[in-house]
>>> print(open('structure22.txt').read())   # compact mmCIF, C-alpha atoms
# COMPACT_ATOMS: atom_id res chain seq x y z
CA MET A 812 91.63 83.98 98.51
CA SER A 813 93.58 83.11 95.34
CA ARG A 814 96.14 80.33 95.14
CA ALA A 815 98.88 82.98 94.78
CA GLU A 816 97.83 84.32 98.17
CA VAL A 817 98.10 80.98 99.98
CA GLU A 818 101.14 79.58 98.18
CA ARG A 819 104.26 81.33 96.92
CA THR A 820 107.10 79.59 95.08
CA PHE A 821 110.63 80.91 94.69
CA ALA A 822 113.20 79.68 92.19
CA ALA A 823 116.31 78.02 93.54
CA LEU A 824 118.75 80.59 94.92
CA PRO A 825 122.34 80.70 93.74
CA PRO A 826 125.11 79.35 95.99
CA ALA A 827 125.79 81.50 99.06
CA ARG A 828 129.52 80.98 99.43
CA GLY A 829 131.24 83.55 101.61
CA ARG A 830 128.11 85.20 103.00
CA GLY A 831 125.79 84.76 105.94
CA PHE A 832 122.29 83.41 105.62
CA ALA A 833 120.42 86.05 107.62
CA GLY A 834 121.03 89.77 107.86
CA THR A 835 117.74 90.87 109.45
CA TRP A 836 116.85 90.32 113.08
CA TRP A 837 113.82 88.21 112.13
CA GLY A 838 115.90 86.04 109.78
CA GLN A 839 118.38 85.49 112.59
CA ALA A 840 115.52 84.62 114.96
CA TRP A 841 114.34 81.99 112.45
CA LEU A 842 117.80 80.38 112.39
CA LYS A 843 118.10 80.55 116.17
CA ALA A 844 114.86 78.56 116.43
CA LEU A 845 116.39 75.94 114.14
CA GLU A 846 119.72 75.81 115.96
CA ASP A 847 118.04 75.66 119.39
CA THR A 848 115.75 72.84 118.23
CA ALA A 849 118.12 70.51 116.35
CA LEU A 850 119.79 67.88 118.52
CA ASP A 851 122.77 67.17 116.25
CA GLY A 852 125.08 70.07 115.46
CA GLU A 853 126.84 68.01 112.81
CA GLN A 854 123.60 67.71 110.83
CA LEU A 855 123.22 71.51 110.93
CA LYS A 856 126.78 71.93 109.74
CA ARG A 857 126.13 69.64 106.78
CA GLY A 858 122.87 71.46 106.06
CA ARG A 859 124.66 74.85 105.98
CA LYS A 860 127.20 73.44 103.57
CA GLN A 861 124.52 72.03 101.27
CA ALA A 862 122.64 75.34 101.30
CA ARG A 863 125.84 77.24 100.46
CA GLU A 864 126.48 74.90 97.55
CA GLY A 865 123.01 75.49 96.04
CA ALA A 866 121.58 72.05 96.83
CA VAL A 867 118.14 73.47 97.69
CA GLY A 868 115.70 73.62 94.79
CA ALA A 869 112.65 75.86 94.38
CA VAL A 870 111.10 76.77 97.73
CA CYS A 871 107.31 76.70 98.20
CA VAL A 872 105.86 78.65 101.13
CA ARG A 873 102.25 78.23 102.27
CA PRO A 874 100.33 78.33 105.56
CA GLY A 875 101.90 76.01 108.09
CA ARG A 876 104.60 74.61 105.79
CA VAL A 877 107.63 75.33 103.63
CA THR A 878 108.77 72.73 101.09
CA ALA A 879 111.72 72.12 98.75
CA VAL A 880 113.61 69.31 97.07
CA VAL A 881 117.14 69.11 98.50
CA ARG A 882 119.83 67.07 96.77
CA ASP A 883 122.55 65.14 98.59
CA ARG A 884 126.15 65.36 97.44
CA ASP A 885 125.49 62.23 95.35
CA ARG A 886 122.56 64.16 93.72
CA THR A 887 119.89 62.01 95.38
CA PRO A 888 116.79 64.22 95.75
CA TYR A 889 114.75 64.36 98.95
CA ARG A 890 111.51 66.21 99.49
CA SER A 891 111.97 68.21 102.67
CA ASP A 892 109.33 70.09 104.67
CA VAL A 893 109.49 72.33 107.71
CA LEU A 894 106.20 72.87 109.55
CA LEU A 895 105.24 75.90 111.64
CA ARG A 896 102.00 76.20 113.58
CA GLU A 897 99.37 78.50 112.08
CA PHE A 898 97.76 81.13 114.29
CA THR A 899 94.20 80.61 115.48
CA GLU A 900 91.49 83.13 114.56
CA ALA A 901 91.71 84.56 118.07
CA GLU A 902 95.48 85.03 117.75
CA TRP A 903 95.08 86.76 114.38
CA ASP A 904 92.43 89.03 115.87
CA ARG A 905 94.80 90.11 118.66
CA LEU A 906 97.77 90.52 116.30
CA LEU A 907 95.83 92.58 113.76
CA GLY A 908 94.47 94.73 116.58
CA VAL A 909 98.02 95.48 117.76
CA VAL A 910 99.18 96.38 114.26
CA ALA A 911 96.13 98.56 113.49
CA ASP A 912 96.62 100.48 116.75
CA ARG A 913 100.05 101.72 115.67
CA SER A 914 100.43 103.47 112.34
CA GLY A 915 104.18 102.86 112.55
CA HIS A 916 103.63 99.09 112.43
CA ILE A 917 101.51 99.40 109.28
CA ALA A 918 104.07 101.68 107.65
CA ALA A 919 106.87 99.23 108.46
CA LEU A 920 105.00 96.28 106.98
CA LEU A 921 104.23 98.26 103.84
CA ASP A 922 107.98 98.85 103.59
CA ARG A 923 108.62 95.12 104.08
CA ASP A 924 110.15 95.69 107.46
CA MET A 925 109.31 94.06 110.78
CA PRO A 926 110.33 96.27 113.71
CA PRO A 927 111.24 94.47 116.95
CA GLN A 928 108.55 96.55 118.69
CA LEU A 929 105.92 94.75 116.59
CA ALA A 930 107.04 91.36 117.91
CA GLU A 931 107.13 92.76 121.46
CA ASP A 932 103.63 94.23 121.16
CA ALA A 933 102.36 90.93 119.75
CA ALA A 934 103.95 88.98 122.61
CA ALA A 935 102.25 91.36 125.08
CA VAL A 936 98.85 90.13 123.83
CA GLY A 937 99.92 86.48 123.84
CA VAL A 938 101.00 86.05 120.21
CA GLU A 939 104.54 84.77 119.58
CA LEU A 940 105.21 86.01 116.07
CA LEU A 941 108.67 84.46 115.68
CA PRO A 942 109.27 80.73 116.11
CA GLY A 943 111.08 79.50 119.19
CA ILE A 944 112.67 76.28 120.34
CA GLY A 945 110.76 73.26 119.10
CA ASP A 946 108.50 75.27 116.78
CA LEU A 947 110.16 74.21 113.49
CA GLU A 948 109.04 70.64 112.90
CA PRO A 949 110.97 68.67 110.23
CA GLU A 950 109.64 66.14 107.72
CA CYS A 951 111.99 64.62 105.15
CA GLY A 952 112.03 61.86 102.59
CA CYS A 953 115.25 60.54 104.14
CA GLU A 954 113.06 59.53 107.10
CA ALA A 955 115.23 61.19 109.74
CA TRP A 956 113.29 61.81 112.95
CA ASP A 957 115.16 65.03 113.79
CA HIS A 958 116.38 67.89 111.65
CA CYS A 959 118.56 66.29 108.98
CA PRO A 960 120.95 68.09 106.59
CA HIS A 961 118.09 68.45 104.10
CA THR A 962 115.61 70.23 106.40
CA ALA A 963 118.47 72.26 107.88
CA ALA A 964 119.53 73.36 104.39
CA LEU A 965 115.93 74.35 103.66
CA CYS A 966 115.78 76.45 106.84
CA TYR A 967 119.05 78.22 106.01
CA GLN A 968 117.82 78.95 102.51
CA LEU A 969 114.49 80.23 103.79
CA ALA A 970 116.32 82.68 106.06
CA ARG A 971 117.65 84.36 102.91
CA LEU A 972 114.11 84.68 101.57
CA LEU A 973 112.80 86.01 104.89
CA ASP A 974 115.45 88.75 104.79
CA GLU A 975 113.82 90.07 101.63
CA ASP A 976 110.18 89.56 102.60
CA PRO A 977 108.93 89.14 106.20
CA TYR A 978 105.42 88.52 104.82
CA LEU A 979 106.60 84.94 104.21
CA LEU A 980 106.66 84.40 107.96
CA LEU A 981 103.12 85.76 108.23
CA LEU A 982 102.07 83.54 105.31
CA MET A 983 103.37 80.50 107.18
CA ARG A 984 101.33 81.69 110.16
CA GLY A 985 98.23 81.57 107.97
CA ARG A 986 97.62 84.92 106.20
CA GLY A 987 98.71 86.12 102.75
CA GLU A 988 99.97 89.65 102.16
CA ARG A 989 96.88 90.94 100.33
CA GLU A 990 94.50 89.50 102.91
CA LEU A 991 96.54 91.04 105.73
CA LEU A 992 96.60 94.50 104.19
CA ASP A 993 92.89 94.38 103.39
CA GLU A 994 92.04 93.45 106.98
CA LEU A 995 94.30 96.19 108.35
CA GLN A 996 92.64 98.74 106.07
CA VAL A 997 89.19 97.74 107.35
CA ARG A 998 90.32 97.94 110.97
CA SER A 999 92.03 101.30 110.49
CA ALA A 1000 88.91 102.73 108.84
CA ALA A 1001 86.73 101.42 111.67
CA ARG A 1002 88.97 103.09 114.26
CA ALA A 1003 88.84 106.43 112.42
CA ALA A 1004 85.08 106.40 111.75
CA PRO A 1005 83.82 107.55 115.21
CA HIS A 1006 85.88 110.75 114.93
CA LEU A 1007 84.81 111.80 111.45
CA PRO A 1008 81.19 113.06 112.03
CA GLN A 1009 82.17 115.24 115.01
CA ALA A 1010 85.13 116.66 113.14
CA ALA A 1011 82.93 117.49 110.17
CA GLU A 1012 80.35 119.13 112.43
CA ASP A 1013 83.01 121.22 114.18
CA ALA A 1014 84.59 122.26 110.90
CA SER A 1015 81.40 123.58 109.21
CA PRO A 1016 79.27 126.30 110.92
CA SER A 1017 75.58 125.53 111.19
CA ALA A 1018 73.39 127.28 108.59
CA PRO A 1019 71.15 130.10 109.97
CA GLU A 1020 67.45 129.34 110.19
CA GLY A 1021 65.42 131.01 107.42
CA VAL A 1022 61.83 132.30 107.20
CA PRO A 1023 59.22 131.46 104.57
CA ALA A 1024 59.09 133.93 101.68
CA ARG A 1025 55.31 134.52 102.24
CA GLU A 1026 56.02 135.82 105.74
CA ALA A 1027 58.91 137.98 104.62
CA PHE A 1028 56.89 139.78 101.93
CA ALA A 1029 53.75 140.14 104.13
CA ALA A 1030 55.57 142.05 106.86
CA PRO A 1031 54.86 145.82 107.03
CA GLY A 1032 57.46 148.18 105.60
CA PRO A 1033 59.90 150.18 107.71
CA PRO A 1034 58.58 153.25 109.69
CA PRO A 1035 58.88 156.71 108.02
CA LEU A 1036 62.12 158.59 108.39
CA PRO A 1037 62.23 161.46 110.94
CA ALA A 1038 62.04 165.12 109.70
CA PRO A 1039 65.35 166.59 108.63
CA PRO A 1040 67.10 168.93 111.12
CA PRO A 1041 66.74 172.72 110.65
CA ALA A 1042 69.26 174.50 108.40
CA VAL A 1043 72.34 175.94 110.01
CA ALA A 1044 72.20 179.81 110.15
CA ALA A 1045 75.84 180.41 109.33
>>> encode(input="structure22.txt", output="structure tokens")
Amino acid sequence: MSRAEVERTFAALPPARGRGFAGTWWGQAWLKALEDTALDGEQLKRGRKQAREGAVGAVCVRPGRVTAVVRDRDRTPYRSDVLLREFTEAEWDRLLGVVADRSGHIAALLDRDMPPQLAEDAAAVGVELLPGIGDLEPECGCEAWDHCPHTAALCYQLARLLDEDPYLLLLMRGRGERELLDELQVRSAARAAPHLPQAAEDASPSAPEGVPAREAFAAPGPPPLPAPPPAVAA
């Protein structure tokens, strides 16, 4: 897998004054996980303000981690990271199986959409696609032990990116977009394969059995025709 598949970097977003940070249901779920996890509401409030003012630099997203440099109001830069657990191979197997079973899920992902039914189907097989309370783990150069304004600002900014591309959430869970689509294509083809030979057999009639030319030409000719009927008298 190429570096572009396992790491994506986005230029700093412009200030977000006067607008919300998440318009999609999955972006809102991301922020709810942050707000349910953080112990200090005042830190979140400061983080929202810093994000609105454009204090978050370029955002790098890769499996298990999202990173950015966030500047304080005095312009002091801090490297901030938010960690999210990657799925195990078994979890990916179950998730990909759920998606491949429903063509609507594949169509939605191709359209950069994530229907709530996908998250529900994943949860039914034991895979929590969206983060929950305690799942967003902060690390910051300011050495705060909880979510600080810098990691909060990063989370709010990431919600804007998630609105545009839900594949970023899947990338943090451990799979890049191209790898995901390739695996889904393989699984979809494998599911369709058992039906193809029977369908082809039903669609084309079997060819009649022939006879060797030697036998055909060696057969006796047809019997002689019967005598014609007598002529009609009148």
>>> atom_distance(input="structure22.txt", atom1="CA of Arg882 in chain A", atom2="CA of Ala963 in chain A")
12.3 Å
>>> closest_residue(input="structure22.txt", among="A:Ala1044, A:Gly937, A:Val881, A:Leu855", to="Leu842 in chain A", atoms="only C-alpha atoms")
A:Leu855
>>> atom_distance(input="structure22.txt", atom1="CA of Leu929 in chain A", atom2="CA of Arg819 in chain A")
23.9 Å
>>> residues_around(input="structure22.txt", residues="range 940-944 of chain A", least_positions_apart="6", cutoff="10 Å", atoms="only C-alpha atoms", output="MDAnalysis selection string")
chainID A and resid 837:838 840:849 895:896 898 902 906 929:934 980:981 984
>>> closest_residue(input="structure22.txt", among="A:Asp993, A:Asp924, A:Asp883, A:Glu975", to="Gly952 in chain A", atoms="all atoms listed in the file")
A:Asp883
>>> residues_around(input="structure22.txt", residues="range 868-880 of chain A", least_positions_apart="5", cutoff="8 Å", atoms="all atoms listed in the file", output="count of residues only")
26
>>> atom_distance(input="structure22.txt", atom1="CA of Ile917 in chain A", atom2="CA of Ala935 in chain A")
17.7 Å
>>> closest_residue(input="structure22.txt", among="A:Trp836, A:Tyr967, A:Trp956, A:Trp903", to="Lys856 in chain A", atoms="only C-alpha atoms")
A:Tyr967
>>> residues_around(input="structure22.txt", residues="Leu921 in chain A", least_positions_apart="5", cutoff="10 Å", atoms="all atoms listed in the file", output="short mmCIF file (atom, residue, chain, number, x, y, z; two decimals) with C-alpha atoms, keeping the file's coordinate frame")
data_model
loop_
_atom_site.label_atom_id
_atom_site.label_comp_id
_atom_site.auth_asym_id
_atom_site.auth_seq_id
_atom_site.Cartn_x
_atom_site.Cartn_y
_atom_site.Cartn_z
CA GLY A 915 104.18 102.86 112.55
CA HIS A 916 103.63 99.09 112.43
CA TYR A 978 105.42 88.52 104.82
CA GLU A 988 99.97 89.65 102.16
CA LEU A 992 96.60 94.50 104.19
#
>>> residues_near_point(input="structure22.txt", point="(116.8, 88.2, 106.4)", cutoff="8 Å", atoms="only C-alpha atoms", output="number ranges by chain")
A: 832-839, 970-977
>>> write_last_selection(input="structure22.txt", atoms="C-alpha atoms", output="CSV table (one decimal), in the coordinates of the input")
chain,number,residue,atom,x,y,z
A,832,PHE,CA,122.3,83.4,105.6
A,833,ALA,CA,120.4,86.0,107.6
A,834,GLY,CA,121.0,89.8,107.9
A,835,THR,CA,117.7,90.9,109.4
A,836,TRP,CA,116.8,90.3,113.1
A,837,TRP,CA,113.8,88.2,112.1
A,838,GLY,CA,115.9,86.0,109.8
A,839,GLN,CA,118.4,85.5,112.6
A,970,ALA,CA,116.3,82.7,106.1
A,971,ARG,CA,117.6,84.4,102.9
A,972,LEU,CA,114.1,84.7,101.6
A,973,LEU,CA,112.8,86.0,104.9
A,974,ASP,CA,115.4,88.8,104.8
A,975,GLU,CA,113.8,90.1,101.6
A,976,ASP,CA,110.2,89.6,102.6
A,977,PRO,CA,108.9,89.1,106.2
>>> residues_around(input="structure22.txt", residues="Arg830 in chain A", least_positions_apart="4", cutoff="12 Å", atoms="only C-alpha atoms", output="PyMOL selection string")
chain A and resi 825-826+834+859-860+862-864+967+971
>>> closest_residue(input="structure22.txt", among="A:Gly908, A:Gly831, A:Pro927, A:Pro1041", to="Val997 in chain A", atoms="all atoms listed in the file")
A:Gly908
